[in-house]
>>> print(open('model_21.pdb').read())   # PDB, C-alpha atoms
ATOM      1  CA  MET A  14      13.147 -24.825  25.630
ATOM      2  CA  ARG A  15       9.523 -25.587  26.176
ATOM      3  CA  ALA A  16       8.748 -27.911  29.053
ATOM      4  CA  PRO A  17       6.995 -31.146  28.071
ATOM      5  CA  PRO A  18       3.249 -30.819  28.429
ATOM      6  CA  ALA A  19       1.902 -32.167  31.695
ATOM      7  CA  GLY A  20       0.709 -35.717  31.550
ATOM      8  CA  ARG A  21       2.690 -36.659  28.419
ATOM      9  CA  PRO A  22       4.207 -40.140  28.802
ATOM     10  CA  ARG A  23       8.013 -40.067  28.926
ATOM     11  CA  ARG A  24       8.279 -43.505  27.341
ATOM     12  CA  LYS A  25       7.030 -42.063  24.021
ATOM     13  CA  ALA A  26       9.806 -39.485  24.034
ATOM     14  CA  LYS A  27      12.478 -42.088  24.733
ATOM     15  CA  ILE A  28      11.267 -44.167  21.795
ATOM     16  CA  LEU A  29      11.493 -41.085  19.572
ATOM     17  CA  ILE A  30      15.103 -40.448  20.589
ATOM     18  CA  GLN A  31      16.108 -43.989  19.860
ATOM     19  CA  GLU A  32      14.214 -44.466  16.622
ATOM     20  CA  GLU A  33      14.194 -41.067  14.987
ATOM     21  CA  ILE A  34      16.743 -38.646  16.371
ATOM     22  CA  VAL A  35      19.703 -41.048  16.696
ATOM     23  CA  PRO A  36      20.191 -43.044  13.467
ATOM     24  CA  THR A  37      20.576 -46.796  13.923
ATOM     25  CA  ALA A  38      24.139 -46.891  12.544
ATOM     26  CA  VAL A  39      25.255 -44.192  14.928
ATOM     27  CA  ARG A  40      23.658 -45.992  17.853
ATOM     28  CA  ARG A  41      25.470 -49.199  16.921
ATOM     29  CA  GLN A  42      28.787 -47.413  16.574
ATOM     30  CA  ALA A  43      28.319 -45.551  19.812
ATOM     31  CA  ALA A  44      26.930 -48.516  21.674
ATOM     32  CA  PRO A  45      30.150 -49.440  23.536
ATOM     33  CA  ARG A  46      30.435 -45.895  24.906
ATOM     34  CA  PHE A  47      26.824 -45.992  26.155
ATOM     35  CA  ARG A  48      27.650 -48.962  28.310
ATOM     36  CA  GLU A  49      28.946 -46.370  30.693
ATOM     37  CA  PRO A  50      26.225 -44.386  32.499
ATOM     38  CA  VAL A  51      24.861 -41.517  30.355
ATOM     39  CA  PRO A  52      24.681 -38.239  32.274
ATOM     40  CA  THR A  53      21.160 -37.761  33.600
ATOM     41  CA  ALA A  54      21.078 -34.129  32.533
ATOM     42  CA  LEU A  55      21.827 -35.079  28.902
ATOM     43  CA  VAL A  56      19.081 -37.687  28.882
ATOM     44  CA  ALA A  57      16.639 -35.187  30.336
ATOM     45  CA  GLU A  58      17.575 -32.625  27.698
ATOM     46  CA  LEU A  59      17.136 -35.130  24.868
ATOM     47  CA  ILE A  60      13.771 -36.158  26.228
ATOM     48  CA  GLU A  61      12.724 -32.509  26.311
ATOM     49  CA  ILE A  62      13.832 -32.030  22.703
ATOM     50  CA  ALA A  63      11.967 -35.130  21.612
ATOM     51  CA  ASP A  64       8.859 -34.009  23.472
ATOM     52  CA  TYR A  65       9.090 -30.601  21.863
ATOM     53  CA  ILE A  66       9.379 -32.109  18.383
ATOM     54  CA  THR A  67       6.391 -34.356  19.046
ATOM     55  CA  HIS A  68       4.428 -31.403  20.328
ATOM     56  CA  MET A  69       5.412 -29.303  17.296
ATOM     57  CA  ARG A  70       4.298 -32.053  14.917
ATOM     58  CA  GLU A  71       0.937 -32.242  16.652
ATOM     59  CA  ALA A  72       0.535 -28.466  16.480
ATOM     60  CA  ILE A  73       1.373 -28.428  12.757
ATOM     61  CA  ALA A  74      -1.012 -31.311  12.092
ATOM     62  CA  ALA A  75      -3.774 -29.433  13.913
ATOM     63  CA  LEU A  76      -3.265 -26.555  11.476
ATOM     64  CA  ARG A  77      -4.364 -28.946   8.716
ATOM     65  CA  PRO A  78      -2.015 -27.148   6.291
ATOM     66  CA  ASN A  79      -2.701 -29.519   3.400
ATOM     67  CA  GLU A  80      -6.436 -28.921   3.621
ATOM     68  CA  MET A  81      -5.754 -25.179   3.710
ATOM     69  CA  SER A  82      -3.471 -25.137   0.675
ATOM     70  CA  ARG A  83      -5.401 -27.680  -1.413
ATOM     71  CA  ALA A  84      -8.980 -26.705  -0.655
ATOM     72  CA  ARG A  85      -9.676 -23.611   1.420
ATOM     73  CA  ILE A  86      -7.265 -21.116  -0.135
ATOM     74  CA  PRO A  87      -8.020 -22.096  -3.779
ATOM     75  CA  MET A  88     -11.730 -21.884  -2.916
ATOM     76  CA  ALA A  89     -11.232 -18.365  -1.532
ATOM     77  CA  HIS A  90      -9.342 -17.324  -4.691
ATOM     78  CA  GLU A  91     -12.065 -18.724  -6.899
ATOM     79  CA  GLU A  92     -14.899 -17.140  -4.922
ATOM     80  CA  LEU A  93     -13.240 -13.718  -4.845
ATOM     81  CA  GLY A  94     -12.518 -13.976  -8.579
ATOM     82  CA  SER A  95     -16.197 -14.733  -9.154
ATOM     83  CA  VAL A  96     -17.170 -11.740  -7.026
ATOM     84  CA  VAL A  97     -14.944  -9.428  -9.064
ATOM     85  CA  ALA A  98     -16.332 -10.831 -12.326
ATOM     86  CA  ALA A  99     -19.972 -10.610 -11.158
ATOM     87  CA  THR A 100     -19.483  -7.057  -9.900
ATOM     88  CA  ALA A 101     -17.841  -5.969 -13.135
ATOM     89  CA  GLY A 102     -20.550  -7.677 -15.190
ATOM     90  CA  ALA A 103     -23.368  -6.078 -13.233
ATOM     91  CA  THR A 104     -21.723  -2.652 -13.358
ATOM     92  CA  ASN A 105     -21.318  -2.976 -17.099
ATOM     93  CA  THR A 106     -24.971  -3.977 -17.553
ATOM     94  CA  ILE A 107     -26.194  -1.114 -15.370
ATOM     95  CA  MET A 108     -24.018   1.430 -17.160
ATOM     96  CA  GLU A 109     -25.111   0.208 -20.584
ATOM     97  CA  ALA A 110     -28.756   0.532 -19.543
ATOM     98  CA  ALA A 111     -28.168   4.028 -18.155
ATOM     99  CA  GLU A 112     -26.301   5.129 -21.268
ATOM    100  CA  ALA A 113     -29.084   3.696 -23.437
ATOM    101  CA  MET A 114     -31.665   5.699 -21.459
ATOM    102  CA  LEU A 115     -29.651   8.880 -21.956
ATOM    103  CA  GLY A 116     -29.699   8.224 -25.687
ATOM    104  CA  LEU A 117     -33.435   7.525 -25.987
ATOM    105  CA  PRO A 118     -35.219   9.912 -28.345
ATOM    106  CA  ASP A 119     -38.234  11.855 -27.156
ATOM    107  CA  GLY A 120     -41.517  10.450 -28.370
ATOM    108  CA  PRO A 121     -44.296   7.984 -27.616
ATOM    109  CA  GLY A 122     -41.912   5.086 -26.988
ATOM    110  CA  TYR A 123     -39.800   6.961 -24.457
ATOM    111  CA  ARG A 124     -41.535   5.697 -21.278
ATOM    112  CA  ALA A 125     -41.552   2.059 -22.452
ATOM    113  CA  GLY A 126     -37.857   2.355 -23.350
ATOM    114  CA  VAL A 127     -36.977   3.746 -19.924
ATOM    115  CA  GLU A 128     -39.006   1.048 -18.126
ATOM    116  CA  ALA A 129     -37.301  -1.723 -20.101
ATOM    117  CA  ARG A 130     -33.855  -0.382 -19.117
ATOM    118  CA  ILE A 131     -34.902   0.047 -15.484
ATOM    119  CA  ASN A 132     -35.992  -3.603 -15.386
ATOM    120  CA  THR A 133     -32.561  -4.537 -16.761
ATOM    121  CA  ILE A 134     -30.963  -2.523 -13.941
ATOM    122  CA  PHE A 135     -33.113  -4.250 -11.309
ATOM    123  CA  GLU A 136     -32.118  -7.657 -12.673
ATOM    124  CA  ALA A 137     -28.453  -6.740 -12.722
ATOM    125  CA  CYS A 138     -28.642  -5.696  -9.050
ATOM    126  CA  ALA A 139     -29.416  -9.323  -8.132
ATOM    127  CA  PHE A 140     -25.646  -9.935  -8.289
ATOM    128  CA  GLN A 141     -25.381  -8.497  -4.785
ATOM    129  CA  ASP A 142     -27.187 -11.467  -3.209
ATOM    130  CA  ILE A 143     -24.840 -14.002  -4.834
ATOM    131  CA  THR A 144     -21.664 -12.028  -4.181
ATOM    132  CA  GLY A 145     -22.722 -11.599  -0.555
ATOM    133  CA  GLN A 146     -22.929 -15.379  -0.179
ATOM    134  CA  ARG A 147     -19.585 -15.887  -1.926
ATOM    135  CA  ILE A 148     -17.880 -13.333   0.312
ATOM    136  CA  ALA A 149     -19.427 -14.988   3.379
ATOM    137  CA  LYS A 150     -17.731 -18.275   2.369
ATOM    138  CA  VAL A 151     -14.370 -16.517   2.084
ATOM    139  CA  VAL A 152     -14.840 -14.802   5.430
ATOM    140  CA  GLU A 153     -15.675 -18.182   7.006
ATOM    141  CA  ALA A 154     -12.454 -19.673   5.564
ATOM    142  CA  LEU A 155     -10.431 -16.736   6.864
ATOM    143  CA  GLN A 156     -11.958 -17.079  10.327
ATOM    144  CA  LEU A 157     -11.141 -20.788  10.347
ATOM    145  CA  PHE A 158      -7.575 -20.071   9.261
ATOM    146  CA  GLU A 159      -7.242 -17.309  11.853
ATOM    147  CA  GLY A 160      -8.451 -19.619  14.611
ATOM    148  CA  ARG A 161      -6.101 -22.455  13.679
ATOM    149  CA  LEU A 162      -3.150 -20.117  13.249
ATOM    150  CA  GLY A 163      -3.868 -18.488  16.599
ATOM    151  CA  ARG A 164      -3.888 -21.890  18.325
ATOM    152  CA  PHE A 165      -0.656 -22.866  16.528
ATOM    153  CA  VAL A 166       1.118 -19.655  17.555
ATOM    154  CA  GLY A 167      -0.001 -20.213  21.146
ATOM    155  CA  ALA A 168       1.032 -23.873  21.132
ATOM    156  CA  VAL A 169       4.567 -23.325  19.811
ATOM    157  CA  LYS A 170       5.000 -19.837  21.280
ATOM    158  CA  ALA A 171       6.038 -18.574  17.851
ATOM    159  CA  ARG A 172       7.656 -15.199  17.453
ATOM    160  CA  ASP A 173       7.925 -13.131  14.272
ATOM    161  CA  ALA A 174      11.288 -13.205  12.510
ATOM    162  CA  ALA A 175      13.128  -9.906  12.392
ATOM    163  CA  ASP A 176      13.711 -10.122   8.633
ATOM    164  CA  ILE A 177      10.956 -10.138   6.056
ATOM    165  CA  ASP A 178      10.887 -11.414   2.510
ATOM    166  CA  PRO A 179      12.771  -9.003   0.159
ATOM    167  CA  ALA A 180       9.877  -8.885  -2.310
ATOM    168  CA  GLU A 181       7.467  -8.030   0.506
ATOM    169  CA  GLN A 182       9.920  -5.401   1.801
ATOM    170  CA  ALA A 183      10.156  -3.852  -1.691
ATOM    171  CA  ARG A 184       6.352  -3.763  -1.916
ATOM    172  CA  ARG A 185       6.107  -2.082   1.490
ATOM    173  CA  ASP A 186       8.825   0.452   0.615
ATOM    174  CA  ARG A 187       7.068   1.385  -2.624
ATOM    175  CA  ALA A 188       3.722   1.735  -0.852
ATOM    176  CA  GLN A 189       5.352   3.957   1.779
ATOM    177  CA  ASP A 190       7.244   6.128  -0.728
ATOM    178  CA  LEU A 191       4.232   6.644  -2.972
ATOM    179  CA  LEU A 192       1.701   6.882  -0.140
ATOM    180  CA  LEU A 193      -0.297   3.920  -1.392
ATOM    181  CA  ASN A 194      -2.498   3.644   1.661
ATOM    182  CA  GLY A 195      -5.657   2.506  -0.098
ATOM    183  CA  PRO A 196      -9.167   3.340   1.042
ATOM    184  CA  GLN A 197      -9.466   4.076   4.748
ATOM    185  CA  ALA A 198     -12.060   2.677   7.129
ATOM    186  CA  VAL A 199     -15.330   4.532   6.690
ATOM    187  CA  THR A 200     -15.029   6.038  10.172
ATOM    188  CA  GLU A 201     -11.511   7.324   9.418
ATOM    189  CA  THR A 202     -12.150   8.755   5.960
ATOM    190  CA  PRO A 203     -12.155  12.544   5.971
ATOM    191  CA  SER A 204     -15.190  14.099   4.320
ATOM    192  CA  GLN A 205     -14.931  16.014   1.064
ATOM    193  CA  ASP A 206     -15.546  19.143   3.158
ATOM    194  CA  ASP A 207     -12.501  18.312   5.333
ATOM    195  CA  ILE A 208     -10.394  17.938   2.184
ATOM    196  CA  ASP A 209     -11.791  21.115   0.667
ATOM    197  CA  ALA A 210     -10.759  22.950   3.827
ATOM    198  CA  LEU A 211      -7.141  22.011   3.099
ATOM    199  CA  PHE A 212      -7.428  23.757  -0.272
ATOM    200  CA  ALA A 213      -9.199  26.859   1.046
TER     201      ALA A 213
ATOM    202  CA  MET B  14     -20.473  28.177 -15.838
ATOM    203  CA  GLY B  15     -17.572  29.993 -17.564
ATOM    204  CA  LEU B  16     -15.930  26.809 -18.759
ATOM    205  CA  GLU B  17     -14.363  26.151 -22.118
ATOM    206  CA  LEU B  18     -16.411  23.086 -23.051
ATOM    207  CA  SER B  19     -14.295  22.353 -26.116
ATOM    208  CA  MET B  20     -11.099  21.882 -24.087
ATOM    209  CA  PRO B  21      -9.687  18.363 -24.233
ATOM    210  CA  ILE B  22      -9.684  16.497 -20.911
ATOM    211  CA  LEU B  23      -7.477  13.532 -20.054
ATOM    212  CA  VAL B  24      -8.929  10.966 -17.639
ATOM    213  CA  VAL B  25      -6.320   8.660 -16.075
ATOM    214  CA  ASP B  26      -7.567   5.541 -14.301
ATOM    215  CA  ASP B  27      -6.736   1.845 -14.484
ATOM    216  CA  TYR B  28     -10.388   0.858 -13.943
ATOM    217  CA  GLN B  29     -12.302   1.170 -17.179
ATOM    218  CA  THR B  30     -15.570   1.397 -15.262
ATOM    219  CA  MET B  31     -14.343   4.534 -13.498
ATOM    220  CA  VAL B  32     -13.141   5.995 -16.800
ATOM    221  CA  ARG B  33     -16.612   5.325 -18.199
ATOM    222  CA  ILE B  34     -18.323   6.952 -15.200
ATOM    223  CA  ILE B  35     -16.168  10.082 -15.452
ATOM    224  CA  ARG B  36     -16.605  10.210 -19.237
ATOM    225  CA  ASN B  37     -20.398  10.093 -18.827
ATOM    226  CA  LEU B  38     -20.372  12.765 -16.137
ATOM    227  CA  LEU B  39     -18.165  15.001 -18.276
ATOM    228  CA  LYS B  40     -20.497  14.415 -21.205
ATOM    229  CA  GLN B  41     -23.441  15.472 -19.053
ATOM    230  CA  LEU B  42     -21.529  18.634 -18.180
ATOM    231  CA  GLY B  43     -21.045  19.329 -21.888
ATOM    232  CA  PHE B  44     -17.434  18.190 -22.420
ATOM    233  CA  GLU B  45     -17.063  16.158 -25.601
ATOM    234  CA  GLU B  46     -13.278  15.941 -26.001
ATOM    235  CA  VAL B  47     -12.313  13.304 -23.470
ATOM    236  CA  ASP B  48      -9.324  10.978 -23.805
ATOM    237  CA  ASP B  49      -8.193   8.364 -21.320
ATOM    238  CA  ALA B  50      -5.054   6.560 -20.166
ATOM    239  CA  SER B  51      -4.667   3.568 -17.868
ATOM    240  CA  ASP B  52      -1.668   4.773 -15.829
ATOM    241  CA  GLY B  53       0.804   7.621 -15.419
ATOM    242  CA  THR B  54       3.195   6.414 -18.104
ATOM    243  CA  ALA B  55       0.487   6.233 -20.753
ATOM    244  CA  ALA B  56      -0.866   9.585 -19.563
ATOM    245  CA  LEU B  57       2.525  11.288 -19.916
ATOM    246  CA  ALA B  58       2.788  10.038 -23.490
ATOM    247  CA  ARG B  59      -0.646  11.484 -24.266
ATOM    248  CA  LEU B  60       0.152  14.768 -22.531
ATOM    249  CA  LYS B  61       3.267  15.180 -24.672
ATOM    250  CA  ALA B  62       1.325  14.462 -27.839
ATOM    251  CA  ARG B  63      -1.632  16.792 -27.230
ATOM    252  CA  LYS B  64      -2.377  19.902 -25.183
ATOM    253  CA  TYR B  65      -5.036  19.169 -22.564
ATOM    254  CA  GLY B  66      -7.068  21.694 -20.635
ATOM    255  CA  LEU B  67      -7.433  19.410 -17.615
ATOM    256  CA  VAL B  68      -6.104  16.148 -16.210
ATOM    257  CA  ILE B  69      -8.352  14.079 -13.943
ATOM    258  CA  SER B  70      -6.271  11.297 -12.422
ATOM    259  CA  ASP B  71      -6.567   8.374 -10.049
ATOM    260  CA  TRP B  72      -3.721   7.865  -7.536
ATOM    261  CA  ASN B  73      -3.143   4.121  -7.232
ATOM    262  CA  MET B  74      -2.072   2.735 -10.616
ATOM    263  CA  GLU B  75       0.714   0.555 -12.000
ATOM    264  CA  PRO B  76       3.402   1.066 -13.108
ATOM    265  CA  MET B  77       3.265   4.853 -12.646
ATOM    266  CA  THR B  78       0.923   6.210  -9.992
ATOM    267  CA  GLY B  79      -1.101   9.396 -10.278
ATOM    268  CA  TYR B  80       1.110  10.990  -7.619
ATOM    269  CA  GLU B  81       4.201  10.300  -9.739
ATOM    270  CA  LEU B  82       2.372  11.590 -12.823
ATOM    271  CA  LEU B  83       1.539  14.813 -10.970
ATOM    272  CA  ARG B  84       5.202  15.312 -10.014
ATOM    273  CA  HIS B  85       6.321  14.646 -13.607
ATOM    274  CA  VAL B  86       3.763  17.108 -14.955
ATOM    275  CA  ARG B  87       4.785  19.817 -12.506
ATOM    276  CA  ALA B  88       8.473  19.225 -13.280
ATOM    277  CA  ASP B  89       7.946  19.506 -17.046
ATOM    278  CA  GLU B  90       8.284  23.055 -18.438
ATOM    279  CA  THR B  91       5.673  22.459 -21.133
ATOM    280  CA  LEU B  92       3.117  20.768 -18.875
ATOM    281  CA  ARG B  93       3.548  22.408 -15.487
ATOM    282  CA  THR B  94       0.557  24.770 -15.784
ATOM    283  CA  THR B  95      -1.909  22.027 -16.823
ATOM    284  CA  PRO B  96      -4.778  21.936 -14.315
ATOM    285  CA  PHE B  97      -4.721  18.647 -12.399
ATOM    286  CA  ILE B  98      -7.488  17.127 -10.272
ATOM    287  CA  MET B  99      -6.866  13.960  -8.273
ATOM    288  CA  VAL B 100      -9.901  11.638  -8.037
ATOM    289  CA  THR B 101      -8.987   8.789  -5.731
ATOM    290  CA  ALA B 102      -9.852   6.388  -2.951
ATOM    291  CA  GLU B 103      -6.619   7.444  -1.205
ATOM    292  CA  SER B 104      -8.318   9.431   1.502
ATOM    293  CA  LYS B 105      -5.633   9.799   4.163
ATOM    294  CA  THR B 106      -4.947  13.398   5.055
ATOM    295  CA  GLU B 107      -1.240  12.782   4.384
ATOM    296  CA  ASN B 108      -2.129  11.907   0.782
ATOM    297  CA  VAL B 109      -4.098  15.120   0.335
ATOM    298  CA  ILE B 110      -1.282  17.195   1.833
ATOM    299  CA  ALA B 111       1.377  15.458  -0.288
ATOM    300  CA  ALA B 112      -0.674  16.016  -3.452
ATOM    301  CA  LYS B 113      -1.199  19.657  -2.561
ATOM    302  CA  LYS B 114       2.530  20.120  -1.985
ATOM    303  CA  ALA B 115       3.201  18.459  -5.348
ATOM    304  CA  GLY B 116       0.943  21.006  -7.024
ATOM    305  CA  VAL B 117      -2.465  19.371  -7.434
ATOM    306  CA  ASN B 118      -5.254  21.877  -8.056
ATOM    307  CA  ASN B 119      -8.016  19.946  -6.353
ATOM    308  CA  TYR B 120      -8.725  16.590  -4.739
ATOM    309  CA  ILE B 121     -11.848  14.431  -4.868
ATOM    310  CA  VAL B 122     -12.333  11.318  -2.753
ATOM    311  CA  LYS B 123     -14.143   8.344  -4.287
ATOM    312  CA  PRO B 124     -17.011   7.657  -4.277
ATOM    313  CA  PHE B 125     -18.039  11.071  -5.513
ATOM    314  CA  ASN B 126     -21.061  12.543  -7.253
ATOM    315  CA  ALA B 127     -21.575  14.634 -10.355
ATOM    316  CA  ALA B 128     -22.100  17.820  -8.348
ATOM    317  CA  THR B 129     -18.712  17.474  -6.637
ATOM    318  CA  LEU B 130     -16.912  16.831  -9.937
ATOM    319  CA  LYS B 131     -18.663  19.795 -11.527
ATOM    320  CA  ALA B 132     -17.819  22.085  -8.611
ATOM    321  CA  LYS B 133     -14.125  21.101  -8.678
ATOM    322  CA  ILE B 134     -13.836  21.525 -12.455
ATOM    323  CA  GLU B 135     -15.434  24.951 -12.150
ATOM    324  CA  ALA B 136     -13.085  25.878  -9.307
ATOM    325  CA  VAL B 137     -10.006  24.785 -11.251
ATOM    326  CA  CYS B 138     -10.902  25.745 -14.822
ATOM    327  CA  GLY B 139     -13.642  28.364 -14.442
ATOM    328  CA  SER B 140     -12.819  31.878 -15.530
TER     329      SER B 140
END
>>> encode(input="model_21.pdb", output="structure tokens")
Amino acid sequence: MRAPPAGRPRRKAKILIQEEIVPTAVRRQAAPRFREPVPTALVAELIEIADYITHMREAIAALRPNEMSRARIPMAHEELGSVVAATAGATNTIMEAAEAMLGLPDGPGYRAGVEARINTIFEACAFQDITGQRIAKVVEALQLFEGRLGRFVGAVKARDAADIDPAEQARRDRAQDLLLNGPQAVTETPSQDDIDALFA
Amino acid sequence: MGLELSMPILVVDDYQTMVRIIRNLLKQLGFEEVDDASDGTAALARLKARKYGLVISDWNMEPMTGYELLRHVRADETLRTTPFIMVTAESKTENVIAAKKAGVNNYIVKPFNAATLKAKIEAVCGS
């Protein structure tokens, strides 16, 4: 049990016990028994529980979970979706221009045709500026979330549960069985020469 | 180059952009008969319907991965000798070793260039 934070008024905790933890009907029914002195240790324990609940509520409120789920996370989804769409669109434009250049017939109009397609490619590359800004917004949201979550974990001394969600476990098992590791960090990726050496 | 340019090639990738890139590179190398499939299941169906001279496959696809496709191909009496090149972002050494054990002929890590693809095709299919 977490000790009540220093400086927290005990009166607040007592009010919580009376008004929220012990329902009114129960208090009325039990009232005659409480005329006798309540053990001090029990009172202290209840005060600690009430303090802990109050503290937990404050920690959860500081997470601003509603703001996260209603605004930040949907924004991140939308921005990343836009990045994927912009990247795909630009790639498509660039490839179409390149394929068109490959198909240009020799002749007097060849240079003008190539220049027109190159200009199209330059224009398409402008997507990188916009996607960079969109990704920066997502990174900012993630950093905010990371900071709040870190403070929450510290405040409630949270520990990870031993069990994980079955769907997540199934996903992990499949990834492990089929070696779905995804791209590695640039510094950890073996070169093509390293890989070729394994086939030598 | 010593390559049979008329041999059909099957490109397996769930990203159409990558299929398009590989198609264009193969076209530049002189290969005209190029089919594609978006995952291992679709690829297996194509492989059973037509004889291909080479399979170029990604690894990470749904529902059947390229690694599973490779194992199916090597386990199938009629397909087991089909040359198979993995072209993938899965760059962990354990992936390369697992693919080699499963019978892959060569392994290319994305992003790659035309020269690398050409060299691997020559190494696998060249006479």
>>> resolve_selection(input="model_21.pdb", expression="the ChimeraX specification (/A :<6) & /B", output="list of chain:residue names")
B:Ala102, B:Glu103, B:Ser104
>>> resolve_selection(input="model_21.pdb", expression="the PyMOL selection byres ((chain A and resi 78-82) around 12)", output="list of chain:residue names")
A:Arg70, A:Glu71, A:Ala72, A:Ile73, A:Ala74, A:Ala75, A:Leu76, A:Arg77, A:Arg83, A:Ala84, A:Arg85, A:Ile86, A:Pro87, A:Met88, A:Ala89, A:His90, A:Ala154, A:Leu155, A:Leu157, A:Phe158, A:Glu159, A:Arg161, A:Leu162, A:Phe165
>>> residues_around(input="model_21.pdb", residues="Asp27 in chain B", least_positions_apart="5", cutoff="10 Å", atoms="only C-alpha atoms", output="list in words")
Val32, Asp49, Ala50, Ser51, Asp52, Gly53, Ser70, Asp71, Trp72, Asn73, Met74, Glu75 and Thr78 of chain B
>>> resolve_selection(input="model_21.pdb", expression="the PyMOL selection byres ((chain A and resi 137) around 12)", output="VMD selection string")
chain A and resid 99 to 110 130 to 136 138 to 143
>>> atom_distance(input="model_21.pdb", atom1="CA of Ala113 in chain A", atom2="CA of Glu17 in chain B")
26.9 Å
>>> atom_distance(input="model_21.pdb", atom1="CA of Leu93 in chain A", atom2="CA of Thr30 in chain B")
18.5 Å
>>> axis_aligned_box(input="model_21.pdb", around="range 76-91 of chain B", padding_each_side="3 Å", output="JSON")
{"center_x": 3.7, "center_y": 12.1, "center_z": -14.4, "size_x": 15.6, "size_y": 28.0, "size_z": 19.5}
>>> closest_residue(input="model_21.pdb", among="B:Met20, B:Val117, B:Ala127, B:Ala132", to="Tyr65 in chain B", atoms="all atoms listed in the file")
B:Met20
>>> atom_distance(input="model_21.pdb", atom1="CA of Ile177 in chain A", atom2="CA of Gly79 in chain B")
28.2 Å
>>> residues_around(input="model_21.pdb", residues="range 43-48 of chain B", least_positions_apart="2", cutoff="9 Å", atoms="all atoms listed in the file", output="ChimeraX atom specification")
/B:17-25,36,38-41,50,59
